[in-house]
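Here is the structure we will look at, set down as structure tokens.
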Amino acid sequence: MHDIRAVRADPGAFDAALARRGLPSAAASLLALDGERRAALTQLQERQARRNALSRLVGEARRRGEDSAALEAEAVSLRGEMEALEAKAQTLEAEIRARLAGLPNVLDPDVPEGADERFNVVLAQHGAPRDLGFAPRQHFELGEALGMMDFAAAAKLAGSRFVVLRGALARLERALGQFMIDLHTREHGYEETAVPSLVNDAAVFGTNNLPKFADDLFRTTDGRWLIPTAEVPLTNLAAGEIFPEARLPIRVTALTDCFRAEAGAAGRDTRGMMRQHQFRKVELVSIVHPAHSDEEHERMTRSAEDVLRLLDLPFRRVLLSAGDTGFGAAKTFDLEVWLPGQQAWREISSCSNCRDFQARRMNARFRPADGGAPQLVHSLNGSGVAVGRALIAVMENGQQADGSILIPPALWPYTGG
RNA sequence: GGAGGGGUGGCCGAGCGGCUGAAGGCGGCGGUUUGCUAAACCGUUAUACAUCGUAAAGAUGUAUCGGGGGUUCGAAUCCCCCUCCCUCCGCCA
């Protein structure tokens with residue numbers, strides 16, 4: 001969420017930032033509302049001050065046994081005005097907040113201009129697509145041929161966009177998750193965290209999934225939400241907190257199921273495990289001092305890249321363009337893995353620096369070591385990485401001519417060889 | 001699911017209708033004392049917003065005692081709803 005003070009301080013810059021996202025100007029109308037609100041607040045506070053003074057006088061008069069009827073009458077007469085002003089100020093504040101909450105984060109200057117993914121920039125590539133010497137198959141062809149990936153069974157149980165894994169493939173999925181968590185906790189300084197998969201409105205608001213993206217989420221009958229990513233619970237651990245500066249950076253990771261309605265994805269990736277209503281993912285979240293979020297972003301992205309490197313998967317790092325960068329992010333690196341079966345680079349991780357955008361929504365702060373006033377932290381999140389898609393990548397890149405799959409040595413401790 | 005008890009400042013803990021942003025203690029910070037350390041003593045120590053002033057400092061006001069609403073001239077204190085925590089019973093992976 002944006003700070004109305006930033007709009008006041010430089011309306012032009014605010015509108016320019018929106019323009020990079022392809023959005024119309026908003027500063028002028030926001031400032032008009034803001035001016036109204038502040039005028040109402042000032043008037044309200046003047047009346048409250050008067051009311052408080054009268055109350056004091058009433059108290060004193062009564063103690064002396066004097067008549068206070070006139071004072072009380074004046075105080076009562078202020079009530080109507082105060083109620084109206086308070087209601088007006090609250091309505092305006094709610095409207096300003098709602099409008100600010102609906103506007104995406106300011107993009108980093110590094111982010112390339114452009115309306116969509118065609119303007120993304122490939123920054124680096126690690127490894128190269130290998131010639132397998134035969135026509136590669138897609139993961140679902142491999143999995144179904146092995147009898148270990150069953151979409152029909154999943155459809156019977158739950159519907160489309162679910163999968164049942166069996167035997168070695170089920171174990172491989174579990175192995176991938178374990179491997180990633182162990183890597184991040186042992187090598188990258190993240191603390192393993194077990195979190196709820198069901199969260200409340202406030203948590204989902206804090207990470208920008210509400211109010212804009214409610215359609216992407218599953219809601220429970222008691223008003224909670226299934227997490228679309230562990231980013232939601234992990235990041236919201238910082239909500240409302242004031243950390244001593246020495247506590248930063250905070251680095252946490254979790255392996256969770258993720259649930260997505262995929263409401264807008266009809267017809268996309270309908271076959272296979274690319275896009276499911278439920279999938280597992282290892283998430284990385286960092287809460288850092290504002291001065292260090294850029295270096296943390298690089299560090300986090302390298303942590304995710306390490307997973308792919310150790311799994312011996314060809315991948316590339318992509319800097320998302322203005323139009324492709326998510327709502328809450330100032331800057332995002334995607335990691336795309338090579339899928340021989342699809343002959344395509346596909347997203348397997350997304351690492352974003354949200355700066356203070358989520359922190360402001362969550363009211364997550366730190367107290368500077370010099371004892372000054374609390375400041376907003378910066379929050380970052382990244383997949384480290386999507387387990388389902390890693391399974392696909394390991395399958396397609398490790399496939400043999402006979403339909404068997406060779407898995408990378410890094411996983412052997414987890415798969416029993 | 002049933003019954004009861006609680007949420008007060010960084011922490012502990014008073015207050016239970018009026019000058020209480022909130023006693024007292026702990027912790028933190030500054031100082032005095034001091035061979036050093038400790039102790040002792042003195043002072044200080046919340047957040048947000050608005051207005052004035054703006055280079056800054058600052059001044060004034062308002063709000064905040066889990067959240068929301070109500071009663072009242074006036075609410076941390078009374079009433080209602082919600083929420084979270086604790087104890088006991090029941091049930092249960």
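Ligands are numbered from 1 in the order shown, chains are lettered A, B, ... in the order of the structure tokens, and residues start at 1 in each chain.
For chain B, the residues having at least one atom no farther than 10 Å from chain A, when counting only C-alpha atoms (C1' of nucleotides), are B:G10, B:G18, B:C19, B:G28, B:C29, B:U47, B:C49, B:A50, B:U51, B:G61, B:U62, B:A63, B:C73, B:G74.
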Taking N, CA and C atoms (P, O5', C5', C4', C3', O3' and C1' of nucleotides) for each residue, export the selection above as an mmCIF file, in the first residue's frame.
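Result file part-v8.cif:
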```cif
data_model
loop_
_atom_site.group_PDB
_atom_site.id
_atom_site.type_symbol
_atom_site.label_atom_id
_atom_site.label_comp_id
_atom_site.auth_asym_id
_atom_site.auth_seq_id
_atom_site.Cartn_x
_atom_site.Cartn_y
_atom_site.Cartn_z
ATOM 1 P P G B 10 4.971 -0.390 24.031
ATOM 2 O "O5'" G B 10 6.337 -1.115 24.360
ATOM 3 C "C5'" G B 10 6.875 -2.019 23.399
ATOM 4 C "C4'" G B 10 7.860 -2.923 24.084
ATOM 5 C "C3'" G B 10 7.337 -3.632 25.312
ATOM 6 O "O3'" G B 10 6.637 -4.818 24.964
ATOM 7 C "C1'" G B 10 9.424 -2.666 25.809
ATOM 8 P P G B 18 -13.025 8.721 38.539
ATOM 9 O "O5'" G B 18 -12.573 10.062 37.827
ATOM 10 C "C5'" G B 18 -11.975 10.031 36.526
ATOM 11 C "C4'" G B 18 -12.000 11.440 35.978
ATOM 12 C "C3'" G B 18 -11.192 12.428 36.803
ATOM 13 O "O3'" G B 18 -10.156 12.910 35.974
ATOM 14 C "C1'" G B 18 -13.381 13.256 36.336
ATOM 15 P P C B 19 -8.842 12.433 35.729
ATOM 16 O "O5'" C B 19 -8.161 13.850 35.482
ATOM 17 C "C5'" C B 19 -7.144 13.979 34.494
ATOM 18 C "C4'" C B 19 -6.175 15.061 34.939
ATOM 19 C "C3'" C B 19 -5.970 15.130 36.454
ATOM 20 O "O3'" C B 19 -5.068 14.154 36.992
ATOM 21 C "C1'" C B 19 -6.442 17.280 35.670
ATOM 22 P P G B 28 19.139 -2.370 31.161
ATOM 23 O "O5'" G B 28 18.544 -1.379 30.068
ATOM 24 C "C5'" G B 28 18.406 -1.806 28.713
ATOM 25 C "C4'" G B 28 17.915 -0.663 27.862
ATOM 26 C "C3'" G B 28 18.744 0.607 27.949
ATOM 27 O "O3'" G B 28 19.873 0.544 27.099
ATOM 28 C "C1'" G B 28 16.458 1.150 28.166
ATOM 29 P P C B 29 21.216 1.269 27.558
ATOM 30 O "O5'" C B 29 20.857 2.813 27.364
ATOM 31 C "C5'" C B 29 20.572 3.326 26.069
ATOM 32 C "C4'" C B 29 20.109 4.758 26.186
ATOM 33 C "C3'" C B 29 21.021 5.683 26.981
ATOM 34 O "O3'" C B 29 22.132 6.134 26.228
ATOM 35 C "C1'" C B 29 18.794 6.008 27.688
ATOM 36 P P U B 47 7.573 6.329 20.059
ATOM 37 O "O5'" U B 47 6.188 6.044 19.334
ATOM 38 C "C5'" U B 47 5.934 4.753 18.798
ATOM 39 C "C4'" U B 47 4.510 4.675 18.332
ATOM 40 C "C3'" U B 47 4.072 5.754 17.358
ATOM 41 O "O3'" U B 47 4.531 5.497 16.037
ATOM 42 C "C1'" U B 47 2.399 5.462 18.973
ATOM 43 P P C B 49 1.399 9.361 11.163
ATOM 44 O "O5'" C B 49 0.140 10.335 11.307
ATOM 45 C "C5'" C B 49 -1.092 9.997 10.695
ATOM 46 C "C4'" C B 49 -2.191 10.873 11.244
ATOM 47 C "C3'" C B 49 -2.014 12.368 11.045
ATOM 48 O "O3'" C B 49 -2.349 12.781 9.736
ATOM 49 C "C1'" C B 49 -2.718 11.958 13.255
ATOM 50 P P A B 50 -1.670 14.090 9.149
ATOM 51 O "O5'" A B 50 -2.468 15.250 9.900
ATOM 52 C "C5'" A B 50 -3.858 15.429 9.658
ATOM 53 C "C4'" A B 50 -4.388 16.506 10.571
ATOM 54 C "C3'" A B 50 -3.672 17.846 10.480
ATOM 55 O "O3'" A B 50 -4.132 18.608 9.388
ATOM 56 C "C1'" A B 50 -3.943 17.252 12.745
ATOM 57 P P U B 51 -3.146 19.637 8.712
ATOM 58 O "O5'" U B 51 -3.090 20.825 9.782
ATOM 59 C "C5'" U B 51 -4.251 21.609 10.040
ATOM 60 C "C4'" U B 51 -3.979 22.554 11.178
ATOM 61 C "C3'" U B 51 -2.760 23.437 11.008
ATOM 62 O "O3'" U B 51 -3.036 24.567 10.186
ATOM 63 C "C1'" U B 51 -2.734 22.509 13.172
ATOM 64 P P G B 61 -2.575 21.593 24.658
ATOM 65 O "O5'" G B 61 -3.537 20.970 23.569
ATOM 66 C "C5'" G B 61 -4.685 21.685 23.143
ATOM 67 C "C4'" G B 61 -5.249 21.053 21.896
ATOM 68 C "C3'" G B 61 -5.667 19.607 22.023
ATOM 69 O "O3'" G B 61 -6.925 19.482 22.650
ATOM 70 C "C1'" G B 61 -4.455 19.900 20.018
ATOM 71 P P U B 62 -7.293 18.169 23.449
ATOM 72 O "O5'" U B 62 -7.493 17.129 22.270
ATOM 73 C "C5'" U B 62 -8.567 17.283 21.342
ATOM 74 C "C4'" U B 62 -8.500 16.201 20.297
ATOM 75 C "C3'" U B 62 -8.412 14.785 20.833
ATOM 76 O "O3'" U B 62 -9.673 14.306 21.254
ATOM 77 C "C1'" U B 62 -6.843 15.061 19.088
ATOM 78 P P A B 63 -9.744 13.219 22.433
ATOM 79 O "O5'" A B 63 -9.234 11.912 21.675
ATOM 80 C "C5'" A B 63 -9.990 11.383 20.589
ATOM 81 C "C4'" A B 63 -9.207 10.303 19.903
ATOM 82 C "C3'" A B 63 -8.736 9.172 20.799
ATOM 83 O "O3'" A B 63 -9.765 8.232 21.028
ATOM 84 C "C1'" A B 63 -6.963 9.861 19.407
ATOM 85 P P C B 73 -25.370 13.925 29.699
ATOM 86 O "O5'" C B 73 -23.959 14.613 29.446
ATOM 87 C "C5'" C B 73 -23.818 15.628 28.455
ATOM 88 C "C4'" C B 73 -22.459 16.263 28.590
ATOM 89 C "C3'" C B 73 -21.298 15.281 28.654
ATOM 90 O "O3'" C B 73 -20.893 14.876 27.360
ATOM 91 C "C1'" C B 73 -21.073 16.845 30.389
ATOM 92 P P G B 74 -20.620 13.352 27.097
ATOM 93 O "O5'" G B 74 -19.300 13.088 27.935
ATOM 94 C "C5'" G B 74 -18.083 13.698 27.524
ATOM 95 C "C4'" G B 74 -17.018 13.462 28.564
ATOM 96 C "C3'" G B 74 -16.724 12.008 28.880
ATOM 97 O "O3'" G B 74 -15.840 11.449 27.931
ATOM 98 C "C1'" G B 74 -16.931 13.231 30.884
#
```
Distance query segment 14-16 of chain B at most 8 Å, only C-alpha atoms (C1' of nucleotides), self and fewer than 2 positions along chain excluded, as number ranges by chain: B: 23-24, 77
Produce a file of the selected residues containing C-alpha atoms (C1' of nucleotides), as a short mmCIF file (atom, residue, chain, number, x, y, z; two decimals), in the first residue's frame.
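And here is the file that came out, result-v3.cif:
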```
data_model
loop_
_atom_site.label_atom_id
_atom_site.label_comp_id
_atom_site.auth_asym_id
_atom_site.auth_seq_id
_atom_site.Cartn_x
_atom_site.Cartn_y
_atom_site.Cartn_z
"C1'" A B 23 0.77 4.65 40.21
"C1'" G B 24 4.79 1.31 41.37
"C1'" U B 77 -13.16 2.25 34.41
#
```
List every residue of segment 13-162 of chain A that DSSP, applied to the backbone, labels as alpha helix (DSSP H), and write the result as a CSV table (one decimal) with N, CA and C atoms, in the first residue's frame.
```
chain,number,residue,atom,x,y,z
A,13,ALA,N,5.4,12.6,-9.3
A,13,ALA,CA,6.1,11.3,-9.3
A,13,ALA,C,5.2,10.1,-9.1
A,14,PHE,N,4.2,10.3,-8.2
A,14,PHE,CA,3.2,9.3,-8.0
A,14,PHE,C,2.5,8.9,-9.3
A,15,ASP,N,2.0,9.9,-10.0
A,15,ASP,CA,1.3,9.6,-11.2
A,15,ASP,C,2.2,9.0,-12.3
A,16,ALA,N,3.5,9.4,-12.3
A,16,ALA,CA,4.5,8.8,-13.2
A,16,ALA,C,4.7,7.4,-12.9
A,17,ALA,N,4.7,7.0,-11.6
A,17,ALA,CA,4.9,5.6,-11.3
A,17,ALA,C,3.7,4.8,-11.7
A,18,LEU,N,2.5,5.4,-11.6
A,18,LEU,CA,1.3,4.6,-12.1
A,18,LEU,C,1.3,4.5,-13.6
A,19,ALA,N,1.8,5.5,-14.3
A,19,ALA,CA,1.9,5.4,-15.7
A,19,ALA,C,2.7,4.3,-16.2
A,20,ARG,N,3.8,4.0,-15.4
A,20,ARG,CA,4.7,2.9,-15.8
A,20,ARG,C,3.9,1.6,-15.8
A,27,ALA,N,-3.3,11.0,-8.4
A,27,ALA,CA,-2.9,11.9,-7.4
A,27,ALA,C,-3.9,13.0,-7.1
A,28,ALA,N,-4.3,13.7,-8.2
A,28,ALA,CA,-5.2,14.8,-8.0
A,28,ALA,C,-6.5,14.5,-7.2
A,29,SER,N,-7.1,13.4,-7.6
A,29,SER,CA,-8.4,13.1,-6.9
A,29,SER,C,-8.1,12.6,-5.5
A,30,LEU,N,-7.0,11.9,-5.3
A,30,LEU,CA,-6.6,11.4,-3.9
A,30,LEU,C,-6.3,12.6,-3.0
A,31,LEU,N,-5.6,13.6,-3.6
A,31,LEU,CA,-5.3,14.8,-2.8
A,31,LEU,C,-6.5,15.6,-2.4
A,32,ALA,N,-7.5,15.6,-3.3
A,32,ALA,CA,-8.8,16.3,-3.1
A,32,ALA,C,-9.5,15.7,-1.9
A,33,LEU,N,-9.5,14.3,-1.9
A,33,LEU,CA,-10.1,13.6,-0.8
A,33,LEU,C,-9.3,13.8,0.5
A,34,ASP,N,-8.0,13.8,0.4
A,34,ASP,CA,-7.2,14.0,1.5
A,34,ASP,C,-7.4,15.4,2.2
A,35,GLY,N,-7.5,16.4,1.3
A,35,GLY,CA,-7.7,17.8,1.8
A,35,GLY,C,-9.0,17.8,2.6
A,36,GLU,N,-10.1,17.2,2.0
A,36,GLU,CA,-11.4,17.2,2.7
A,36,GLU,C,-11.3,16.5,4.0
A,37,ARG,N,-10.6,15.4,4.0
A,37,ARG,CA,-10.5,14.6,5.2
A,37,ARG,C,-9.8,15.4,6.3
A,38,ARG,N,-8.7,16.0,5.9
A,38,ARG,CA,-7.9,16.8,6.9
A,38,ARG,C,-8.7,18.0,7.5
A,39,ALA,N,-9.5,18.6,6.6
A,39,ALA,CA,-10.3,19.7,7.0
A,39,ALA,C,-11.3,19.2,8.1
A,40,ALA,N,-11.9,18.1,7.7
A,40,ALA,CA,-12.9,17.5,8.7
A,40,ALA,C,-12.3,17.2,10.0
A,41,LEU,N,-11.1,16.6,9.9
A,41,LEU,CA,-10.4,16.2,11.1
A,41,LEU,C,-10.1,17.4,12.0
A,42,THR,N,-9.6,18.4,11.4
A,42,THR,CA,-9.3,19.6,12.1
A,42,THR,C,-10.5,20.2,12.8
A,43,GLN,N,-11.6,20.3,12.1
A,43,GLN,CA,-12.8,20.8,12.7
A,43,GLN,C,-13.3,19.9,13.9
A,44,LEU,N,-13.2,18.6,13.6
A,44,LEU,CA,-13.6,17.6,14.7
A,44,LEU,C,-12.7,17.8,15.9
A,45,GLN,N,-11.4,17.9,15.7
A,45,GLN,CA,-10.5,18.0,16.8
A,45,GLN,C,-10.8,19.3,17.6
A,46,GLU,N,-11.1,20.4,16.9
A,46,GLU,CA,-11.4,21.6,17.6
A,46,GLU,C,-12.6,21.4,18.5
A,47,ARG,N,-13.6,20.7,18.0
A,47,ARG,CA,-14.8,20.5,18.8
A,47,ARG,C,-14.5,19.5,20.0
A,48,GLN,N,-13.7,18.6,19.7
A,48,GLN,CA,-13.3,17.6,20.8
A,48,GLN,C,-12.6,18.4,21.9
A,49,ALA,N,-11.7,19.3,21.5
A,49,ALA,CA,-10.9,20.0,22.5
A,49,ALA,C,-11.9,20.9,23.4
A,50,ARG,N,-12.9,21.5,22.7
A,50,ARG,CA,-13.9,22.3,23.4
A,50,ARG,C,-14.7,21.4,24.4
A,51,ARG,N,-15.1,20.2,23.8
A,51,ARG,CA,-15.8,19.3,24.6
A,51,ARG,C,-15.1,18.9,25.9
A,52,ASN,N,-13.8,18.6,25.7
A,52,ASN,CA,-13.0,18.1,26.8
A,52,ASN,C,-12.8,19.2,27.8
A,53,ALA,N,-12.7,20.5,27.4
A,53,ALA,CA,-12.6,21.6,28.3
A,53,ALA,C,-13.9,21.8,29.1
A,54,LEU,N,-15.0,21.6,28.4
A,54,LEU,CA,-16.3,21.7,29.1
A,54,LEU,C,-16.4,20.6,30.2
A,55,SER,N,-16.1,19.4,29.8
A,55,SER,CA,-16.2,18.3,30.7
A,55,SER,C,-15.4,18.6,32.0
A,56,ARG,N,-14.2,19.2,31.8
A,56,ARG,CA,-13.4,19.5,32.9
A,56,ARG,C,-14.1,20.5,33.8
A,57,LEU,N,-14.7,21.5,33.2
A,57,LEU,CA,-15.4,22.6,33.9
A,57,LEU,C,-16.6,22.0,34.7
A,58,VAL,N,-17.2,21.1,34.0
A,58,VAL,CA,-18.4,20.5,34.7
A,58,VAL,C,-18.0,19.7,36.0
A,59,GLY,N,-16.9,19.0,35.8
A,59,GLY,CA,-16.4,18.3,37.0
A,59,GLY,C,-16.0,19.2,38.1
A,60,GLU,N,-15.3,20.3,37.8
A,60,GLU,CA,-14.9,21.2,38.8
A,60,GLU,C,-16.1,21.9,39.4
A,61,ALA,N,-17.1,22.3,38.6
A,61,ALA,CA,-18.3,23.0,39.1
A,61,ALA,C,-19.1,22.0,40.1
A,62,ARG,N,-19.2,20.8,39.7
A,62,ARG,CA,-19.9,19.9,40.5
A,62,ARG,C,-19.2,19.6,41.9
A,63,ARG,N,-17.9,19.6,41.8
A,63,ARG,CA,-17.2,19.4,43.0
A,63,ARG,C,-17.4,20.6,44.0
A,69,ALA,N,-25.4,23.2,34.4
A,69,ALA,CA,-26.4,22.9,33.4
A,69,ALA,C,-26.0,23.6,32.1
A,70,ALA,N,-25.6,24.8,32.1
A,70,ALA,CA,-25.3,25.5,30.9
A,70,ALA,C,-24.1,24.9,30.2
A,71,LEU,N,-23.1,24.5,31.0
A,71,LEU,CA,-21.9,23.8,30.4
A,71,LEU,C,-22.3,22.5,29.7
A,72,GLU,N,-23.1,21.8,30.4
A,72,GLU,CA,-23.5,20.5,29.9
A,72,GLU,C,-24.3,20.6,28.6
A,73,ALA,N,-25.1,21.7,28.6
A,73,ALA,CA,-26.0,21.9,27.5
A,73,ALA,C,-25.1,22.2,26.3
A,74,GLU,N,-24.0,23.0,26.5
A,74,GLU,CA,-23.2,23.3,25.3
A,74,GLU,C,-22.4,22.1,24.8
A,75,ALA,N,-22.0,21.3,25.8
A,75,ALA,CA,-21.3,20.0,25.4
A,75,ALA,C,-22.2,19.1,24.5
A,76,VAL,N,-23.5,19.0,25.0
A,76,VAL,CA,-24.4,18.2,24.3
A,76,VAL,C,-24.7,18.7,22.9
A,77,SER,N,-24.7,20.1,22.8
A,77,SER,CA,-25.0,20.7,21.5
A,77,SER,C,-23.8,20.4,20.5
A,78,LEU,N,-22.7,20.1,21.0
A,78,LEU,CA,-21.5,19.8,20.1
A,78,LEU,C,-21.6,18.4,19.5
A,79,ARG,N,-22.4,17.6,20.2
A,79,ARG,CA,-22.4,16.2,19.8
A,79,ARG,C,-22.7,15.9,18.3
A,80,GLY,N,-23.8,16.5,17.9
A,80,GLY,CA,-24.3,16.3,16.6
A,80,GLY,C,-23.2,16.6,15.6
A,81,GLU,N,-22.6,17.8,15.7
A,81,GLU,CA,-21.5,18.2,14.8
A,81,GLU,C,-20.3,17.2,14.9
A,82,MET,N,-20.0,16.8,16.0
A,82,MET,CA,-18.8,15.9,16.2
A,82,MET,C,-19.1,14.5,15.5
A,83,GLU,N,-20.4,14.1,15.7
A,83,GLU,CA,-20.7,12.8,15.0
A,83,GLU,C,-20.6,12.9,13.5
A,84,ALA,N,-21.2,14.0,13.0
A,84,ALA,CA,-21.2,14.2,11.6
A,84,ALA,C,-19.7,14.3,11.0
A,85,LEU,N,-18.9,15.1,11.7
A,85,LEU,CA,-17.5,15.3,11.3
A,85,LEU,C,-16.7,14.0,11.4
A,86,GLU,N,-17.0,13.2,12.4
A,86,GLU,CA,-16.3,12.0,12.6
A,86,GLU,C,-16.7,11.0,11.5
A,87,ALA,N,-17.9,10.9,11.2
A,87,ALA,CA,-18.4,10.0,10.2
A,87,ALA,C,-17.8,10.4,8.9
A,88,LYS,N,-17.8,11.7,8.6
A,88,LYS,CA,-17.2,12.2,7.3
A,88,LYS,C,-15.7,11.9,7.2
A,89,ALA,N,-15.0,12.1,8.3
A,89,ALA,CA,-13.6,11.8,8.3
A,89,ALA,C,-13.3,10.3,8.1
A,90,GLN,N,-14.1,9.5,8.7
A,90,GLN,CA,-14.0,8.1,8.6
A,90,GLN,C,-14.3,7.6,7.2
A,91,THR,N,-15.4,8.1,6.7
A,91,THR,CA,-15.7,7.7,5.3
A,91,THR,C,-14.6,8.1,4.3
A,92,LEU,N,-14.1,9.3,4.5
A,92,LEU,CA,-13.1,9.7,3.5
A,92,LEU,C,-11.8,8.9,3.7
A,93,GLU,N,-11.5,8.6,5.0
A,93,GLU,CA,-10.3,7.9,5.2
A,93,GLU,C,-10.4,6.5,4.6
A,94,ALA,N,-11.6,5.9,4.8
A,94,ALA,CA,-11.8,4.5,4.3
A,94,ALA,C,-11.7,4.6,2.7
A,95,GLU,N,-12.2,5.6,2.1
A,95,GLU,CA,-12.2,5.7,0.7
A,95,GLU,C,-10.7,5.9,0.2
A,96,ILE,N,-10.0,6.8,0.9
A,96,ILE,CA,-8.6,7.0,0.5
A,96,ILE,C,-7.8,5.7,0.6
A,97,ARG,N,-8.1,5.0,1.7
A,97,ARG,CA,-7.3,3.8,2.0
A,97,ARG,C,-7.7,2.7,1.0
A,98,ALA,N,-8.9,2.6,0.7
A,98,ALA,CA,-9.4,1.6,-0.3
A,98,ALA,C,-8.7,1.9,-1.7
A,99,ARG,N,-8.7,3.2,-2.0
A,99,ARG,CA,-8.1,3.5,-3.3
A,99,ARG,C,-6.6,3.3,-3.3
A,100,LEU,N,-5.9,3.7,-2.2
A,100,LEU,CA,-4.5,3.5,-2.2
A,100,LEU,C,-4.2,2.0,-2.2
A,101,ALA,N,-5.0,1.2,-1.5
A,101,ALA,CA,-4.8,-0.3,-1.4
A,101,ALA,C,-5.0,-0.9,-2.8
A,139,HIS,N,6.0,-34.3,-19.3
A,139,HIS,CA,6.1,-35.0,-18.0
A,139,HIS,C,4.8,-35.9,-17.8
A,140,PHE,N,3.7,-35.5,-18.2
A,140,PHE,CA,2.5,-36.3,-18.0
A,140,PHE,C,2.5,-37.6,-18.8
A,141,GLU,N,3.1,-37.5,-20.0
A,141,GLU,CA,3.2,-38.7,-20.8
A,141,GLU,C,4.2,-39.7,-20.1
A,142,LEU,N,5.2,-39.2,-19.6
A,142,LEU,CA,6.2,-40.0,-18.8
A,142,LEU,C,5.5,-40.6,-17.6
A,143,GLY,N,4.9,-39.7,-16.8
A,143,GLY,CA,4.3,-40.2,-15.6
A,143,GLY,C,3.2,-41.2,-15.8
A,144,GLU,N,2.3,-40.9,-16.7
A,144,GLU,CA,1.2,-41.8,-17.0
A,144,GLU,C,1.7,-43.2,-17.5
A,145,ALA,N,2.8,-43.1,-18.4
A,145,ALA,CA,3.3,-44.4,-18.9
A,145,ALA,C,3.9,-45.2,-17.8
A,146,LEU,N,4.5,-44.5,-16.7
A,146,LEU,CA,5.0,-45.3,-15.6
A,146,LEU,C,3.9,-45.7,-14.6
A,151,PHE,N,-4.2,-38.6,-13.4
A,151,PHE,CA,-5.1,-37.5,-13.4
A,151,PHE,C,-6.6,-37.9,-13.3
A,152,ALA,N,-6.9,-39.1,-13.8
A,152,ALA,CA,-8.2,-39.6,-13.8
A,152,ALA,C,-8.7,-39.9,-12.3
A,153,ALA,N,-7.7,-40.5,-11.6
A,153,ALA,CA,-8.1,-40.7,-10.2
A,153,ALA,C,-8.3,-39.4,-9.4
A,154,ALA,N,-7.4,-38.4,-9.7
A,154,ALA,CA,-7.6,-37.2,-9.0
A,154,ALA,C,-8.9,-36.5,-9.4
A,155,ALA,N,-9.3,-36.6,-10.7
A,155,ALA,CA,-10.6,-36.1,-11.1
A,155,ALA,C,-11.7,-36.7,-10.3
A,156,LYS,N,-11.6,-38.0,-10.1
A,156,LYS,CA,-12.7,-38.7,-9.4
A,156,LYS,C,-12.8,-38.2,-8.0
A,157,LEU,N,-11.7,-37.9,-7.4
A,157,LEU,CA,-11.6,-37.4,-6.0
A,157,LEU,C,-12.0,-35.9,-5.9
```
Atom CA of Arg309 of chain A to atom CA of Pro413 of chain A, straight-line distance in Å: 16.9 Å
Shell of 10 Å around Pro129 of chain A, only C-alpha atoms (C1' of nucleotides), local chain residues under 6 positions omitted, as a PyMOL selection string: chain A and resi 313-315+337-340+343-345+397
Backbone DSSP call of strand (DSSP E or B) for segment 346-376 of chain A, listed as a PyMOL selection string: chain A and resi 346-353+365-367+375-376
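If you count only C-alpha atoms (C1' of nucleotides) and ignore residues fewer than 6 places along the chain from Asn353 of chain A, what sits within 10 Å of it is Leu107, Asp108, Ser286, Ser293, Asp294, Glu296, His297, Glu298, Met300, Gly328, Ala329, Ala330, Lys331, Thr332, Phe333, His378, Ser379, Leu380, Asn381 and Gly382 of chain A.
Residues lying within 9 Å of segment 81-88 of chain B, counting only C-alpha atoms (C1' of nucleotides) and ignoring same-chain neighbours fewer than 3 positions away, are A3, G4, G5, G6, G7, G66, G67, G68 and G69 of chain B.
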For G43 of chain B: contacts at 12 Å, only C-alpha atoms (C1' of nucleotides), fewer than 5 positions along chain excluded, given as a list of chain:residue names: B:C29, B:G30, B:G31, B:U32
Pairwise distance for atom CA of Ile407 of chain A and atom CA of Thr270 of chain A, rounded to one decimal in Å: 25.7 Å
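For Glu187 of chain A, the residues within 12 Å (counting only C-alpha atoms (C1' of nucleotides), excluding itself and residues fewer than 5 positions away along the chain) are A:Phe179, A:Met180, A:Ile181, A:Asp182, A:Arg299, A:Met300, A:Arg302, A:Ser303, A:Ala304, A:Asp306, A:Val307.
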File of the preceding selection, N, CA and C atoms, as a compact mmCIF listing (two decimals), in the first residue's frame:
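See result.txt below for the written result:
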```
# COMPACT_ATOMS: atom_id res chain seq x y z
N PHE A 179 14.70 -31.83 0.15
CA PHE A 179 15.99 -31.35 -0.33
C PHE A 179 16.06 -29.82 -0.30
N MET A 180 15.02 -29.19 -0.77
CA MET A 180 15.02 -27.72 -0.83
C MET A 180 15.06 -27.11 0.56
N ILE A 181 14.20 -27.61 1.45
CA ILE A 181 14.16 -27.08 2.81
C ILE A 181 15.53 -27.26 3.47
N ASP A 182 16.12 -28.44 3.32
CA ASP A 182 17.42 -28.69 3.94
C ASP A 182 18.47 -27.74 3.38
N ARG A 299 20.57 -12.05 -2.99
CA ARG A 299 20.91 -13.21 -2.19
C ARG A 299 19.80 -14.26 -2.25
N MET A 300 18.57 -13.80 -2.13
CA MET A 300 17.43 -14.71 -2.16
C MET A 300 17.33 -15.41 -3.51
N ARG A 302 19.69 -15.96 -5.59
CA ARG A 302 20.77 -16.95 -5.72
C ARG A 302 20.46 -18.21 -4.91
N SER A 303 19.77 -18.03 -3.78
CA SER A 303 19.39 -19.20 -2.99
C SER A 303 18.45 -20.10 -3.79
N ALA A 304 17.53 -19.48 -4.50
CA ALA A 304 16.60 -20.25 -5.33
C ALA A 304 17.36 -20.89 -6.50
N ASP A 306 20.34 -21.83 -6.54
CA ASP A 306 21.13 -22.96 -6.04
C ASP A 306 20.38 -24.27 -6.15
N VAL A 307 19.09 -24.21 -5.89
CA VAL A 307 18.27 -25.42 -5.99
C VAL A 307 18.37 -26.00 -7.39
```
Nearest to Asp131 of chain A by atom-to-atom distance, counting only C-alpha atoms, from A:Gly384, A:Gly341, A:Pro244, A:Pro290: A:Gly341
Atomic separation - atom CA of Val195 of chain A relative to atom CA of Glu241 of chain A, Å: 17.5 Å
